Structures are given as structure tokens and as C-alpha cells.
>>> print(open('final.txt').read())   # compact mmCIF, C-alpha atoms
# COMPACT_ATOMS: atom_id res chain seq x y z
CA MET A 1 92.44 -66.18 -7.88
CA SER A 2 90.89 -64.17 -10.72
CA LEU A 3 87.21 -63.22 -10.72
CA LYS A 4 86.52 -65.59 -13.63
CA ASP A 5 88.21 -68.46 -11.77
CA ARG A 6 86.18 -67.68 -8.67
CA LEU A 7 82.98 -67.85 -10.69
CA GLU A 8 83.97 -71.19 -12.21
CA LYS A 9 84.62 -72.51 -8.71
CA LEU A 10 81.28 -71.13 -7.53
CA LYS A 11 79.47 -72.97 -10.31
CA GLY A 12 80.41 -76.26 -8.69
CA LEU A 13 80.16 -75.19 -5.06
CA LEU A 14 76.66 -73.79 -5.54
CA SER A 15 75.55 -76.73 -7.75
CA ILE A 16 74.30 -74.34 -10.43
CA GLU A 17 73.73 -77.08 -13.01
CA GLN A 18 71.67 -79.16 -10.56
CA LYS A 19 69.66 -76.10 -9.54
CA SER A 20 69.02 -75.24 -13.20
CA ALA A 21 67.66 -78.77 -13.63
CA GLN A 22 65.44 -78.25 -10.55
CA VAL A 23 64.07 -75.05 -12.09
CA ALA A 24 63.19 -76.90 -15.29
CA GLU A 25 61.60 -79.73 -13.30
CA ILE A 26 59.38 -77.42 -11.25
CA GLU A 27 58.37 -75.44 -14.34
CA ALA A 28 57.34 -78.71 -15.99
CA GLU A 29 55.29 -79.66 -12.89
CA MET A 30 53.49 -76.30 -13.00
CA ILE A 31 52.11 -77.10 -16.46
CA GLU A 32 50.29 -80.17 -15.14
CA PRO A 33 46.57 -79.47 -14.48
CA ASP A 34 46.55 -80.96 -10.96
CA PHE A 35 49.54 -78.90 -9.78
CA TRP A 36 47.33 -76.09 -8.45
CA LEU A 37 44.79 -78.29 -6.66
CA ASP A 38 46.72 -78.13 -3.38
CA ASP A 39 47.16 -74.44 -2.57
CA LYS A 40 49.75 -74.96 0.17
CA ALA A 41 51.91 -77.40 -1.82
CA SER A 42 51.75 -75.33 -5.01
CA GLY A 43 52.55 -72.16 -3.03
CA ALA A 44 55.62 -73.80 -1.49
CA LYS A 45 56.81 -75.01 -4.91
CA THR A 46 56.25 -71.57 -6.44
CA ARG A 47 58.34 -69.93 -3.71
CA GLU A 48 61.04 -72.59 -4.14
CA LEU A 49 61.10 -71.88 -7.89
CA LYS A 50 61.42 -68.14 -7.27
CA ASP A 51 64.37 -68.64 -4.87
CA LEU A 52 66.14 -71.09 -7.20
CA LYS A 53 65.68 -68.87 -10.25
CA GLU A 54 67.03 -65.83 -8.41
CA GLU A 55 70.21 -67.70 -7.47
CA VAL A 56 70.72 -69.34 -10.88
CA ASP A 57 69.89 -66.17 -12.82
CA LYS A 58 72.23 -64.11 -10.66
CA PHE A 59 75.10 -66.53 -11.26
CA ASN A 60 74.41 -66.69 -15.01
CA GLU A 61 74.25 -62.90 -15.24
CA LEU A 62 77.58 -62.46 -13.43
CA HIS A 63 79.19 -65.22 -15.46
CA GLU A 64 78.06 -63.60 -18.71
CA LEU A 65 79.21 -60.14 -17.61
CA SER A 66 82.60 -61.49 -16.53
CA GLU A 67 83.10 -63.02 -19.98
CA MET A 68 82.58 -59.61 -21.60
CA ALA A 69 84.26 -57.39 -18.98
CA GLU A 70 87.89 -56.38 -18.74
CA GLY A 71 90.07 -54.42 -16.29
CA ASP A 72 88.15 -52.02 -14.06
CA ASP A 73 84.82 -53.43 -15.26
CA LEU A 74 85.73 -56.75 -13.66
CA LYS A 75 86.46 -54.97 -10.37
CA GLY A 76 82.91 -53.58 -10.50
CA LEU A 77 81.58 -57.13 -10.21
CA GLU A 78 83.67 -57.94 -7.13
CA SER A 79 81.04 -57.15 -4.48
CA GLU A 80 78.33 -59.14 -6.29
CA VAL A 81 80.56 -62.20 -6.61
CA ALA A 82 81.48 -61.86 -2.92
CA GLU A 83 77.77 -61.95 -2.05
CA LEU A 84 77.36 -65.22 -3.97
CA GLU A 85 80.44 -66.64 -2.24
CA LYS A 86 78.71 -66.16 1.11
CA LEU A 87 76.25 -68.88 0.09
CA THR A 88 79.08 -71.44 0.12
CA LYS A 89 79.12 -71.16 3.91
CA PHE A 90 75.81 -73.03 4.04
CA LYS A 91 77.17 -76.57 4.09
CA GLY A 92 74.65 -78.37 6.31
CA LYS A 93 72.09 -80.87 5.04
CA TYR A 94 69.16 -78.55 5.77
CA ASP A 95 70.85 -75.15 5.45
CA GLN A 96 68.86 -74.25 2.32
CA ASN A 97 65.53 -74.93 4.06
CA GLY A 98 63.12 -72.59 5.75
CA ALA A 99 63.23 -72.44 9.56
CA ILE A 100 60.97 -72.98 12.54
CA LEU A 101 61.82 -71.05 15.68
CA SER A 102 60.55 -71.93 19.15
CA PHE A 103 60.56 -69.43 22.03
CA PHE A 104 60.42 -70.28 25.74
CA ALA A 105 60.32 -67.71 28.56
CA GLY A 106 62.80 -68.53 31.30
CA ALA A 107 63.68 -67.09 34.68
CA GLY A 108 62.39 -63.57 35.28
CA GLY A 109 58.57 -63.75 35.53
CA ASP A 110 56.74 -60.99 33.66
CA ASP A 111 60.06 -59.54 32.50
CA ALA A 112 61.07 -62.86 30.92
CA GLN A 113 57.73 -63.17 29.14
CA ASP A 114 58.02 -59.60 27.88
CA TRP A 115 61.61 -60.33 26.78
CA THR A 116 60.44 -63.43 24.91
CA GLU A 117 57.91 -61.35 22.99
CA MET A 118 60.64 -58.79 22.22
CA LEU A 119 62.78 -61.59 20.73
CA LEU A 120 59.84 -62.86 18.69
CA LYS A 121 59.34 -59.36 17.27
CA MET A 122 63.09 -59.06 16.57
CA TYR A 123 63.06 -62.17 14.38
CA LEU A 124 59.80 -61.11 12.70
CA LYS A 125 61.43 -57.78 11.79
CA TRP A 126 64.59 -59.55 10.57
CA ALA A 127 62.47 -61.87 8.41
CA GLN A 128 60.69 -58.85 6.92
CA ASN A 129 64.03 -57.21 6.11
CA GLU A 130 65.23 -60.45 4.46
CA GLY A 131 62.06 -60.88 2.38
CA LEU A 132 61.02 -64.08 4.18
CA ARG A 133 57.44 -65.16 4.77
CA ALA A 134 56.72 -65.38 8.52
CA THR A 135 53.81 -67.12 10.26
CA ILE A 136 53.19 -67.44 14.00
CA LEU A 137 51.95 -71.03 14.39
CA ASP A 138 51.44 -71.09 18.14
CA GLU A 139 51.55 -68.49 20.89
CA ALA A 140 50.85 -68.71 24.62
CA LYS A 141 50.29 -65.23 26.06
CA GLY A 142 51.64 -64.30 29.46
CA SER A 143 49.19 -63.55 32.28
CA THR A 144 50.35 -59.92 32.57
CA ALA A 145 52.52 -59.22 29.53
CA GLY A 146 54.51 -60.83 26.76
CA VAL A 147 54.41 -64.52 25.83
CA LYS A 148 55.27 -67.69 27.73
CA GLY A 149 56.12 -69.46 24.47
CA ALA A 150 55.65 -69.25 20.72
CA THR A 151 56.42 -71.06 17.47
CA LEU A 152 57.39 -69.08 14.38
CA GLU A 153 57.66 -70.45 10.84
CA LEU A 154 59.94 -68.70 8.33
CA GLU A 155 59.74 -69.65 4.67
CA GLY A 156 62.59 -68.74 2.36
CA ARG A 157 65.85 -70.12 1.02
CA TYR A 158 68.73 -70.41 3.55
CA ALA A 159 66.54 -69.30 6.49
CA TYR A 160 67.67 -72.28 8.58
CA GLY A 161 71.31 -71.92 7.53
CA LYS A 162 71.30 -68.30 8.60
CA LEU A 163 69.46 -68.78 11.87
CA LYS A 164 70.74 -72.12 13.21
CA GLY A 165 73.43 -70.31 15.21
CA GLU A 166 70.74 -68.27 16.99
CA ALA A 167 69.65 -71.31 19.03
CA GLY A 168 70.34 -70.96 22.74
CA VAL A 169 69.69 -68.77 25.75
CA HIS A 170 69.37 -65.00 25.18
CA ARG A 171 69.88 -62.75 28.23
CA LEU A 172 68.41 -59.28 28.77
CA VAL A 173 69.57 -56.72 31.36
CA ARG A 174 67.44 -53.59 31.78
CA GLN A 175 65.45 -51.44 34.18
CA SER A 176 62.25 -53.39 34.71
CA PRO A 177 59.03 -51.74 33.47
CA PHE A 178 57.16 -54.12 35.82
CA ASN A 179 58.84 -52.85 38.98
CA ALA A 180 57.61 -49.66 40.66
CA LYS A 181 61.19 -48.71 41.56
CA SER A 182 62.51 -49.52 38.04
CA LEU A 183 65.16 -51.81 39.47
CA ARG A 184 67.63 -53.51 37.16
CA GLN A 185 66.31 -56.94 36.12
CA THR A 186 68.00 -59.85 34.33
CA SER A 187 65.72 -62.05 32.20
CA PHE A 188 66.30 -65.14 30.09
CA SER A 189 64.60 -66.62 27.05
CA LEU A 190 65.39 -69.79 25.14
CA VAL A 191 65.31 -69.89 21.34
CA GLY A 192 65.19 -73.19 19.46
CA VAL A 193 65.87 -73.32 15.71
CA MET A 194 64.86 -76.22 13.45
CA PRO A 195 64.86 -76.75 9.67
CA LYS A 196 61.46 -76.60 8.00
CA ILE A 197 60.61 -79.94 6.39
CA GLU A 198 58.04 -79.85 3.58
CA GLN A 199 54.95 -82.04 3.76
CA ASN A 200 55.93 -84.00 0.65
CA ASN A 201 59.38 -84.94 1.99
CA LYS A 202 59.44 -88.74 1.76
CA ASP A 203 62.32 -89.02 4.22
CA PHE A 204 59.83 -88.14 6.95
CA GLU A 205 56.96 -90.54 6.62
CA ILE A 206 55.66 -90.80 10.17
CA ARG A 207 53.53 -93.77 11.15
CA GLU A 208 50.03 -92.88 12.36
CA THR A 209 50.40 -95.47 15.11
CA ASP A 210 53.30 -93.45 16.54
CA LEU A 211 51.09 -90.39 17.05
CA ARG A 212 48.58 -89.25 19.64
CA ILE A 213 46.48 -86.35 18.37
CA ASP A 214 44.45 -84.20 20.78
CA THR A 215 42.24 -81.23 20.01
CA PHE A 216 41.44 -78.30 22.30
CA ARG A 217 39.95 -74.83 22.20
CA ALA A 218 42.36 -72.22 20.90
CA SER A 219 43.14 -69.26 23.13
CA GLY A 220 44.90 -66.92 20.72
CA HIS A 221 44.11 -64.86 17.66
CA GLY A 222 43.18 -66.57 14.41
CA GLY A 223 39.70 -65.60 13.31
CA GLN A 224 36.09 -65.30 14.39
CA SER A 225 35.57 -68.97 15.28
CA VAL A 226 38.98 -69.65 16.81
CA ASN A 227 37.77 -69.44 20.42
CA THR A 228 34.44 -71.25 19.93
CA THR A 229 35.52 -74.56 18.43
CA ASP A 230 38.10 -77.22 19.28
CA SER A 231 40.27 -76.13 16.35
CA ALA A 232 43.66 -76.24 18.08
CA VAL A 233 45.69 -79.43 17.68
CA ARG A 234 48.34 -81.04 19.87
CA ILE A 235 50.39 -83.95 18.46
CA THR A 236 52.57 -86.26 20.55
CA HIS A 237 55.18 -88.44 18.84
CA LEU A 238 55.09 -91.42 21.17
CA PRO A 239 58.54 -92.98 20.47
CA THR A 240 60.39 -89.73 21.29
CA ASP A 241 57.74 -88.07 23.49
CA LEU A 242 57.97 -84.91 21.36
CA VAL A 243 54.90 -82.66 21.68
CA VAL A 244 53.91 -79.92 19.22
CA SER A 245 50.78 -77.81 18.96
CA CYS A 246 49.23 -75.29 16.60
CA GLN A 247 46.25 -72.98 17.11
CA ASN A 248 46.87 -70.17 14.63
CA GLU A 249 44.62 -71.47 11.82
CA LYS A 250 40.82 -71.37 11.80
CA SER A 251 40.28 -75.05 10.99
CA GLN A 252 41.37 -78.16 12.83
CA LEU A 253 42.72 -79.66 9.57
CA GLN A 254 44.93 -76.64 8.86
CA ASN A 255 46.26 -76.69 12.41
CA LYS A 256 46.97 -80.42 12.13
CA LEU A 257 48.96 -79.90 8.91
CA SER A 258 50.95 -77.07 10.50
CA ALA A 259 51.61 -79.11 13.64
CA MET A 260 52.79 -82.06 11.52
CA SER A 261 55.18 -79.73 9.71
CA VAL A 262 56.64 -78.59 13.05
CA LEU A 263 56.89 -82.20 14.25
CA LYS A 264 58.82 -83.20 11.12
CA SER A 265 61.14 -80.26 11.66
CA ARG A 266 61.81 -81.23 15.27
CA LEU A 267 62.44 -84.84 14.25
CA ALA A 268 64.86 -83.64 11.56
CA LYS A 269 66.77 -81.63 14.18
CA LEU A 270 66.77 -84.63 16.51
CA LEU A 271 68.13 -86.86 13.72
CA GLU A 272 70.87 -84.31 13.12
CA ASP A 273 71.72 -84.03 16.83
CA GLN A 274 71.78 -87.79 17.39
CA HIS A 275 73.53 -88.55 14.07
CA LYS A 276 70.77 -90.96 13.01
CA GLU A 277 69.48 -91.74 9.53
CA LYS A 278 65.92 -92.91 10.25
CA ILE A 279 63.14 -91.80 12.58
CA GLU A 280 62.85 -95.38 13.84
CA GLU A 281 66.41 -95.15 15.18
CA LEU A 282 65.73 -92.14 17.39
CA LYS A 283 65.96 -92.50 21.12
CA GLY A 284 63.18 -91.21 23.33
CA GLU A 285 65.19 -88.23 24.49
CA SER A 286 63.94 -84.73 24.93
CA ALA A 287 64.60 -82.57 21.89
CA GLU A 288 64.15 -79.28 23.71
CA PRO A 289 67.17 -76.98 23.46
CA GLU A 290 69.05 -77.26 26.73
CA TRP A 291 69.25 -74.47 29.26
CA GLY A 292 72.75 -73.36 30.02
CA SER A 293 75.07 -70.42 29.63
CA GLN A 294 73.67 -67.64 27.49
CA ILE A 295 74.91 -67.27 23.92
CA ARG A 296 74.20 -63.53 23.79
CA SER A 297 73.58 -60.69 26.23
CA TYR A 298 71.47 -57.62 25.46
CA VAL A 299 72.30 -54.88 27.98
CA LEU A 300 70.02 -51.81 28.02
CA HIS A 301 71.08 -50.54 31.47
CA PRO A 302 73.43 -49.26 32.93
CA TYR A 303 75.05 -49.07 29.46
CA LYS A 304 73.93 -50.14 25.98
CA GLN A 305 75.53 -53.15 24.32
CA VAL A 306 74.72 -56.47 22.67
CA LYS A 307 77.48 -59.09 22.84
CA ASP A 308 77.68 -62.62 21.46
CA HIS A 309 79.68 -64.68 23.95
CA ARG A 310 80.88 -67.24 21.36
CA THR A 311 82.20 -64.90 18.68
CA ASN A 312 82.75 -61.72 20.75
CA THR A 313 80.76 -59.78 18.16
CA VAL A 314 79.51 -56.54 19.74
CA SER A 315 76.95 -53.91 18.83
CA LYS A 316 76.64 -50.62 20.69
CA ASP A 317 73.14 -50.10 19.25
CA PRO A 318 70.77 -52.58 20.93
CA ASP A 319 67.74 -50.67 19.64
CA ALA A 320 68.79 -51.44 16.06
CA VAL A 321 69.50 -55.08 16.96
CA LEU A 322 66.06 -55.48 18.54
CA ASP A 323 64.64 -53.92 15.38
CA GLY A 324 65.96 -56.88 13.40
CA GLU A 325 69.47 -55.78 12.46
CA ILE A 326 71.22 -59.01 13.48
CA ASN A 327 73.14 -59.91 10.30
CA GLN A 328 76.51 -59.01 11.83
CA PHE A 329 75.87 -61.66 14.50
CA ILE A 330 74.62 -64.19 11.94
CA GLU A 331 77.70 -63.77 9.72
CA SER A 332 80.11 -64.20 12.64
CA GLU A 333 78.13 -67.26 13.80
CA LEU A 334 78.52 -68.87 10.38
CA GLU A 335 82.29 -68.44 10.58
CA TYR A 336 82.27 -69.82 14.14
CA LEU A 337 80.12 -72.86 13.29
CA ASN A 338 82.07 -73.71 10.13
CA LYS A 339 85.38 -73.61 12.04
CA LYS A 340 83.83 -75.72 14.81
CA ASP A 341 82.67 -78.35 12.30
CA ALA A 342 85.91 -78.34 10.29
>>> encode(input="final.txt", output="C-alpha cells")
Amino acid sequence: MSLKDRLEKLKGLLSIEQKSAQVAEIEAEMIEPDFWLDDKASGAKTRELKDLKEEVDKFNELHELSEMAEGDDLKGLESEVAELEKLTKFKGKYDQNGAILSFFAGAGGDDAQDWTEMLLKMYLKWAQNEGLRATILDEAKGSTAGVKGATLELEGRYAYGKLKGEAGVHRLVRQSPFNAKSLRQTSFSLVGVMPKIEQNNKDFEIRETDLRIDTFRASGHGGQSVNTTDSAVRITHLPTDLVVSCQNEKSQLQNKLSAMSVLKSRLAKLLEDQHKEKIEELKGESAEPEWGSQIRSYVLHPYKQVKDHRTNTVSKDPDAVLDGEINQFIESELEYLNKKDA
């Protein structure tokens, strides 16, 4: 297939015309005087506009260049078209959304809590490399080191599509820094990945009567008053028994809004897992990612290797992987998941 034909195909697969209409719609909204009254909503829309424009403008630029180019000049556009073609792998309902990651320390005591914090930092570094906005919404510190659990929000187009394959148990093998004899220790941490659902999404109108909202004193970082007021919020969705909490923000209202965003994301994932259309149809089943066989092993001793057990993708440089260089695993996961769903 010629480069021009590939671009014509991409126009439909990437819904360029619909996205151009979305750009125009958001730009029209931004002219309205009340658009900027809600800082969080306007900020989310502004970021959405930026992401949409980048994709549409990139396609339009390549399409225009392909119309003018000939011979070797067309070959020069090959790699850029190939990059756009990667976006066609994101076929899921929420793949274009931001993502919310949950971290849970498993077996391994202090080592597992330290390992969980290492994973959190790995995804923070990856998000930085990808130009995504990252916010730690909730974090429970370990008694000696690391974290028992944490919730991380990533804002940016295709964040969920890229990271959904990262959900599962991650296993670390290393010489323990918490053991006087530096014995080899195996630790486990569970990562959950959910699509970020915006506050104004009408598909997720949750009834107040289905919620129990508790407040408590925050224990983490977050500002001068974070440890002196009951600013932290815990929300329980009674029909499904889902529980989410947030203590990162200074005010109770801000924490409530963030917790509601996480709850909507977890409900969206539960809808997807149970193949339901409405929140009212959900069963009261736990939505926590299940413990089971690890999806990936990170071995730092006696040799150095990171291996994904589903795709057999291997890296001999675990230091680089833990520094956020995980795209080789993400790309192989996308191929694996698309074949699995085919």
C-alpha cells in the first residue's frame, strides 16, 4: 500500500474529521465567559484541546506533504506515518483517556513496600518522559520504608490505552537492603490500571444515596494544614462495596472531587470487566485486581534482566527500565492484547 493510501486509511481509522469537529467545538466553548469559572474543568478541556490539535495537525501536515512529495521525499515521511499508525492499536472504549494507577504492596514485608515505591517512581518517570501530567492522589507510607499503597493519576491522551497492559503482579528479585546478610529476597507488588473518567461525563452520574462519605485526618504530604484538619476523604460505593480515598489536596472539597474521579474510574473498569452498560447493573463484586501469577519479573541479582511473562519481551538493563524506559514492554503488550481480543 502506498504512503498516500495509508494516510487516506488513517484518516478514517483515527476519526480525523470527528476530531477536527471536536477541536472547533472546544474552541467555541472557550470563548464563552463562564468557561474559565471552573479551573479544574477548564484545565482538563484545555489539555484535551492541545492533545486533539496535535494529532489533527500532525495528520494534516503529513497529508499535505504527501500530496506535494514524490519519490525519495515520500520515503522521508515513512517513519512519521508509522508513528501515527501506532495510534490505531488503541481500539478500546477508554483507550484515549487518562489513567489512574493503584499500587498495593504484597508479600515481602519492608522489601515489598520498598518495591511498590520503586514501581510508583518508575511510572512517574515514564509519565514525565511521555509529557503526561502526574498527580499522587493517595499514599500510605510503610512503617520502615516504601509505601503500602498509592493511587496515581496520569492526565494525557492514550495514557490508559498505553498502560492497561501493565495491570497485574510485578515481581522483584534482589539482594535485600533490609537484611543484614544481604540475602536474596523476592517481593511482589500489585498494579491496577483504570481509565480516568472526567467529572462532566454524564454516563457516570452516581446517586448520592449510593455513597457513604467519611472524612479523616490526612497522614501524608499536601500542605501546612494537611495534618491538622479532617481534610482526607473516603468514599464507599454501597452497591459494589468499592472504597476509594484521597488525602493529597489541602481541602476536603478538593479531596472529595479527586476521590469521586477515582471512583468513577473504578466503576468504568468494573463495567468493562463485567460487560455491563449501566452502573445500576453492576454486581457487588470486588473490583480489586486479582492476585495471581506475575506478569513481569525484575531480576537484579544474581543476574540482571526484566522479562514480561506474557510476551517474552526481555530487557538486560533493569536500571533503565526502573528509570521509566518501559515502552518496549508497552508496545509488545498492545500487540498481545489486540491479538487476544481479536
>>> residues_around(input="final.txt", residues="range 297-304 of chain A", least_positions_apart="3", cutoff="6 Å", atoms="only C-alpha atoms", output="list in words")
Arg171, Leu172, Val173, Arg174, Lys307 and Lys316 of chain A
>>> residues_near_point(input="final.txt", point="(72.9, -71.6, -5.7)", cutoff="7 Å", atoms="all atoms listed in the file", output="list in words")
Leu14, Ser15, Ile16, Lys19, Leu52, Glu55 and Val56 of chain A
>>> residues_around(input="final.txt", residues="Ser265 in chain A", least_positions_apart="2", cutoff="8 Å", atoms="all atoms listed in the file", output="list in words")
Ile100, Met194, Pro195, Lys196, Ile197, Ser261, Val262, Leu263, Leu267, Ala268 and Lys269 of chain A
>>> atom_distance(input="final.txt", atom1="CA of Thr135 in chain A", atom2="CA of Leu152 in chain A")
5.8 Å
>>> atom_distance(input="final.txt", atom1="CA of Ala134 in chain A", atom2="CA of Leu154 in chain A")
4.6 Å
>>> atom_distance(input="final.txt", atom1="CA of Glu130 in chain A", atom2="CA of Leu77 in chain A")
22.2 Å
>>> closest_residue(input="final.txt", among="A:Ser293, A:Ser187, A:Ser176, A:Ser102", to="Arg310 in chain A", atoms="all atoms listed in the file")
A:Ser293
